[in-house]
Amino acid sequence: MSDTRPGEPDLSSYRDVQLSPDFSELRRRFRRFVFPMTGLFLVWYFVYVLLADYAHGFMSTKVFGNITVALLFGLGQFVSTFAITLLYVRWADQKFDPDAKHLRDQIEGETK
Amino acid sequence: MSSAMSLTGIGLVIVATIGIGLFGLRISRTTSDFYVASRAITPRWNASAISGEYLSAASFLGVAGLVLVNGADMLWFSVGYTVGYLMLLVLVAAPLRRSGAYTLPDFAETRFESAIVRRICSGLVVGIGTLYLLPQLRGAGLTVQTVTGAPPDVGAAVVAIIVVINVAAGGMRSITFVQAFQYWLKLTALATPIFIILIAWRSGDHPVGVLQSLHGAAAEWAEPLSTAGGRDHPLYATYSLLLALCFGTMGLPHVLVRFYTNPDGRAARRTTVVVLALLSLFYLFPPVYAILGRSFAPDLVAGAADTVVLELPSRIFPGTAGDLLGALVAAGAFAAFLSTSSGLTVAIAGVIDQDLLRTRLTRLTGGDYLAVNSFRIAALLAMSVPYVAFRVTGALSLADTVGLAFAVAASTFCPMLVLGIWWRRMSTTGAAAGLIVGGVAASAAALVNVFGAPADGWARALVVQPAAWTMPLAFITVIVVSKLTPNTIPAGTARSMVRLHTPEAVDVDRG
């Protein structure tokens, strides 16, 4: 869609931004939050599968009534998926976007 | 099952689909409308539309069928289908929006500055889309066959024709309305029979032995990682499936394009939260059908397991009540085929249009054609390939075929997107090599499956669930080849990185 391509500030300013500490900091902060979160969350799923197979005794422990550990963990996965999503959305809205906007204002100040 | 009632139900869905499509047509005017609805859709509408589009034959019929045959492990299908959206959200959604590209090939071209990488991506979009459309057509054939006894070709042809007409007429804008409507229709169709069964049982009509059937001889079915249903190496298979579903969603062509219809990144995040809620709600129901099916339709375990959702209502309530519920479910199933097929067809047609047709049409006609007509021809082509594939391939479980589409996406677009967005030293050669190696490995596994997988053992496990080896293979290929060819790192990498990682534009209007 060439008609929607942005008007491009010149290349050198992009390189400056790329090399600027603010930009590296922004990217690093994003990675520091998102990658570990993704990793943890995958591990949690994979461990659940393992437990279901190799820790029958533990998983079928009755917590109360017919409610077993496996069932609670299973529900916990749904809850944790939501928790992680909401956490991310909050973080992005409150932390990441303002920082990024700050950087953007700087760049626009330089290139205009 | 009463075929008259079910056919009426299916007919109503078709009429409603076309009706809403035509309504959208009156609003859809420009090319931007056509592709991404001018990015003016609110998160709630968009979330309903994304969910409506995403819940395909595999979710509506296939998951219940797989759980019915193979037991508890197959519940991971529904978990994985949902979690894929979270991965998409946190890893790629925002940077992709900022890239200003409409499609995966667009992204590949801007990021890697290479027409070859772009072309490989276009091929993959068509391939993944075809693999995903195939089970939709098969599901449609199966439904019409179950309801009327007509041969499978009939149902498949009906869906193919309606989808092409609707897509060619309305494009994305009308599709958004249609999809949103179809999510709620699907949920209602799937949930109502279950609620009516629960109400009937509370009032005392409790059939004996429903839950007892889960104990004793059938207990293995309800155990995790059992080999019920004859699947070997369940731990490997489960992990591989989870990987494919978690990382494949971001590479599905019809899913990504939806994220561009949000007005900004904030709205895109809101949308994802609502999508997760809507999908979780929907996936509560297929396992219930499977558990009930174990008691009321045990004959399906060895046969047409994918029809359990369609058969169950009339098995539990013989007579008019069952017929009515059966008609509702059949209508919901058709909504699933139509919505997913429409979304896929829009996405594939967009790519065929841009990368194959435009240049040729311009050459043939000297530029004397309407852009929208090129898109219409593309829509026809996009549906023809899977229809031919449907005619020549054997029966494979619906959810398994869709699983393979996820595996191919996870082994190709996932490495390209994740590394392309986060790794500055990724070279164009590395990108192409990764796409080719991952694509060839996963597609080969998919083809072997479609035409008949090995009978048992590791060979079967590796071919039925390829993602656990094809995805790492693709990532390693990209990394190794990029290290070996630092001279082909795109010159504009710095610019791309700034654009991908600074939110919503440095004095940039992204359309």
# chains A, B, ... in the order shown; residues from 1 in each chain; ligands from 1

$ select_by_dssp --residues "region 75-221 of chain B" --states "alpha helix (DSSP H)" --output "ChimeraX atom specification"
/B:75-87,94-99,104-112,115-148,152-202,219-221

$ residues_around --residues "Phe41 (chain A)" --least-positions-apart "5" --cutoff "12 Å" --atoms "only C-alpha atoms" --output "ChimeraX atom specification"
/A:34-36,46-48,76-85 /B:83,86-87,90,246

$ write_last_selection --atoms "N, CA and C atoms" --output "PDB file, in the first residue's frame"
ATOM      1  N   VAL A  34       8.383  -8.535  28.896  1.00  0.00           N
ATOM      2  CA  VAL A  34       7.589  -9.462  28.095  1.00  0.00           C
ATOM      3  C   VAL A  34       8.217 -10.852  27.974  1.00  0.00           C
ATOM      4  N   PHE A  35       9.521 -10.926  27.734  1.00  0.00           N
ATOM      5  CA  PHE A  35      10.116 -12.243  27.507  1.00  0.00           C
ATOM      6  C   PHE A  35      10.048 -13.153  28.735  1.00  0.00           C
ATOM      7  N   PRO A  36      10.462 -12.648  29.917  1.00  0.00           N
ATOM      8  CA  PRO A  36      10.351 -13.527  31.090  1.00  0.00           C
ATOM      9  C   PRO A  36       8.898 -13.929  31.364  1.00  0.00           C
ATOM     10  N   PHE A  46       3.578 -26.182  30.685  1.00  0.00           N
ATOM     11  CA  PHE A  46       4.295 -27.431  30.433  1.00  0.00           C
ATOM     12  C   PHE A  46       4.431 -28.250  31.707  1.00  0.00           C
ATOM     13  N   VAL A  47       4.627 -27.571  32.838  1.00  0.00           N
ATOM     14  CA  VAL A  47       4.730 -28.289  34.103  1.00  0.00           C
ATOM     15  C   VAL A  47       3.392 -28.942  34.456  1.00  0.00           C
ATOM     16  N   TYR A  48       2.325 -28.251  34.129  1.00  0.00           N
ATOM     17  CA  TYR A  48       1.009 -28.820  34.403  1.00  0.00           C
ATOM     18  C   TYR A  48       0.849 -30.157  33.682  1.00  0.00           C
ATOM     19  N   GLY A  76      -6.825 -22.714  37.594  1.00  0.00           N
ATOM     20  CA  GLY A  76      -5.785 -21.720  37.798  1.00  0.00           C
ATOM     21  C   GLY A  76      -5.157 -21.278  36.488  1.00  0.00           C
ATOM     22  N   GLN A  77      -5.092 -22.191  35.518  1.00  0.00           N
ATOM     23  CA  GLN A  77      -4.502 -21.830  34.231  1.00  0.00           C
ATOM     24  C   GLN A  77      -5.344 -20.800  33.514  1.00  0.00           C
ATOM     25  N   PHE A  78      -6.655 -20.981  33.583  1.00  0.00           N
ATOM     26  CA  PHE A  78      -7.517 -19.974  32.956  1.00  0.00           C
ATOM     27  C   PHE A  78      -7.353 -18.644  33.664  1.00  0.00           C
ATOM     28  N   VAL A  79      -7.393 -18.708  35.016  1.00  0.00           N
ATOM     29  CA  VAL A  79      -7.266 -17.478  35.793  1.00  0.00           C
ATOM     30  C   VAL A  79      -5.935 -16.802  35.504  1.00  0.00           C
ATOM     31  N   SER A  80      -4.853 -17.613  35.452  1.00  0.00           N
ATOM     32  CA  SER A  80      -3.542 -16.999  35.267  1.00  0.00           C
ATOM     33  C   SER A  80      -3.398 -16.422  33.859  1.00  0.00           C
ATOM     34  N   THR A  81      -4.008 -17.069  32.874  1.00  0.00           N
ATOM     35  CA  THR A  81      -3.950 -16.511  31.523  1.00  0.00           C
ATOM     36  C   THR A  81      -4.559 -15.111  31.504  1.00  0.00           C
ATOM     37  N   PHE A  82      -5.707 -14.994  32.166  1.00  0.00           N
ATOM     38  CA  PHE A  82      -6.346 -13.685  32.239  1.00  0.00           C
ATOM     39  C   PHE A  82      -5.520 -12.702  33.037  1.00  0.00           C
ATOM     40  N   ALA A  83      -4.997 -13.177  34.166  1.00  0.00           N
ATOM     41  CA  ALA A  83      -4.209 -12.293  35.015  1.00  0.00           C
ATOM     42  C   ALA A  83      -3.038 -11.733  34.218  1.00  0.00           C
ATOM     43  N   ILE A  84      -2.352 -12.608  33.480  1.00  0.00           N
ATOM     44  CA  ILE A  84      -1.189 -12.161  32.713  1.00  0.00           C
ATOM     45  C   ILE A  84      -1.605 -11.140  31.653  1.00  0.00           C
ATOM     46  N   THR A  85      -2.711 -11.423  30.972  1.00  0.00           N
ATOM     47  CA  THR A  85      -3.168 -10.498  29.942  1.00  0.00           C
ATOM     48  C   THR A  85      -3.472  -9.128  30.534  1.00  0.00           C
TER      49      THR A  85
ATOM     50  N   VAL B  83      -4.599 -19.394  24.106  1.00  0.00           N
ATOM     51  CA  VAL B  83      -3.327 -18.809  24.526  1.00  0.00           C
ATOM     52  C   VAL B  83      -2.570 -18.192  23.348  1.00  0.00           C
ATOM     53  N   LEU B  86      -2.767 -14.582  23.318  1.00  0.00           N
ATOM     54  CA  LEU B  86      -1.944 -13.858  24.279  1.00  0.00           C
ATOM     55  C   LEU B  86      -0.526 -13.681  23.730  1.00  0.00           C
ATOM     56  N   MET B  87       0.008 -14.769  23.127  1.00  0.00           N
ATOM     57  CA  MET B  87       1.343 -14.698  22.525  1.00  0.00           C
ATOM     58  C   MET B  87       1.377 -13.627  21.439  1.00  0.00           C
ATOM     59  N   VAL B  90       1.355 -10.085  23.186  1.00  0.00           N
ATOM     60  CA  VAL B  90       2.533  -9.563  23.871  1.00  0.00           C
ATOM     61  C   VAL B  90       3.751  -9.519  22.957  1.00  0.00           C
ATOM     62  N   CYS B 246       0.298 -22.248  20.502  1.00  0.00           N
ATOM     63  CA  CYS B 246       0.740 -21.000  21.135  1.00  0.00           C
ATOM     64  C   CYS B 246       1.418 -20.079  20.121  1.00  0.00           C
TER      65      CYS B 246
END

$ atom_distance --atom1 "CA of Ala441 (chain B)" --atom2 "CA of Leu241 (chain B)"
16.0 Å

$ residues_around --residues "Ala410 (chain B)" --least-positions-apart "2" --cutoff "10 Å" --atoms "only C-alpha atoms" --output "PyMOL selection string"
chain B and resi 243-252+404-408+412-416+438-439+442+467-468+470-472+474

$ atom_distance --atom1 "CA of Asp99 (chain A)" --atom2 "CA of Arg98 (chain B)"
16.0 Å

$ closest_atom_pairs --of "region 47-102 of chain A" --to "region 68-75 of chain B" --cutoff "12 Å" --atoms "only C-alpha atoms" --output "tab-separated table"
residue	atom	partner	partner_atom	distance
A:Tyr48	CA	B:Asp73	CA	11.8
A:Val49	CA	B:Asp73	CA	8.9
A:Leu50	CA	B:Asp73	CA	11.8
A:Ala52	CA	B:Asp73	CA	10.0
A:Asp53	CA	B:Asp73	CA	10.5
A:Gly74	CA	B:Leu75	CA	10.7

$ closest_residue --among "A:Arg29, A:Leu51, A:Leu75, A:Ala100" --to "chain B" --atoms "only C-alpha atoms"
A:Ala100

$ residues_around --residues "Val346 (chain B)" --least-positions-apart "2" --cutoff "7 Å" --atoms "only C-alpha atoms" --output "PyMOL selection string"
chain B and resi 167+171+342-344+348-350+379

$ write_last_selection --atoms "N, CA and C atoms" --output "compact mmCIF listing (two decimals), in the first residue's frame"
# COMPACT_ATOMS: atom_id res chain seq x y z
N VAL B 167 -17.46 -12.51 -0.10
CA VAL B 167 -16.17 -11.82 -0.02
C VAL B 167 -15.99 -10.89 -1.22
N GLY B 171 -15.98 -7.50 0.84
CA GLY B 171 -14.69 -7.27 1.46
C GLY B 171 -14.77 -7.31 2.96
N SER B 342 -14.71 -17.19 5.22
CA SER B 342 -14.74 -15.83 4.70
C SER B 342 -13.47 -15.09 5.08
N GLY B 343 -13.12 -15.16 6.38
CA GLY B 343 -11.93 -14.45 6.84
C GLY B 343 -10.69 -14.92 6.11
N LEU B 344 -10.55 -16.24 6.00
CA LEU B 344 -9.38 -16.79 5.31
C LEU B 344 -9.36 -16.36 3.85
N ILE B 348 -6.33 -14.52 2.02
CA ILE B 348 -5.59 -15.14 0.91
C ILE B 348 -5.80 -14.33 -0.37
N ALA B 349 -7.03 -13.91 -0.59
CA ALA B 349 -7.33 -13.15 -1.81
C ALA B 349 -6.52 -11.85 -1.83
N GLY B 350 -6.38 -11.21 -0.66
CA GLY B 350 -5.60 -9.99 -0.59
C GLY B 350 -4.18 -10.22 -1.10
N ALA B 379 -10.38 -13.67 -5.01
CA ALA B 379 -11.23 -14.39 -4.06
C ALA B 379 -11.66 -15.73 -4.65

$ closest_residue --among "B:Ala58, B:Val117, B:Leu276, B:Leu91" --to "Ala431 (chain B)" --atoms "only C-alpha atoms"
B:Val117

$ atom_distance --atom1 "CA of His102 (chain A)" --atom2 "CA of Thr271 (chain B)"
24.9 Å
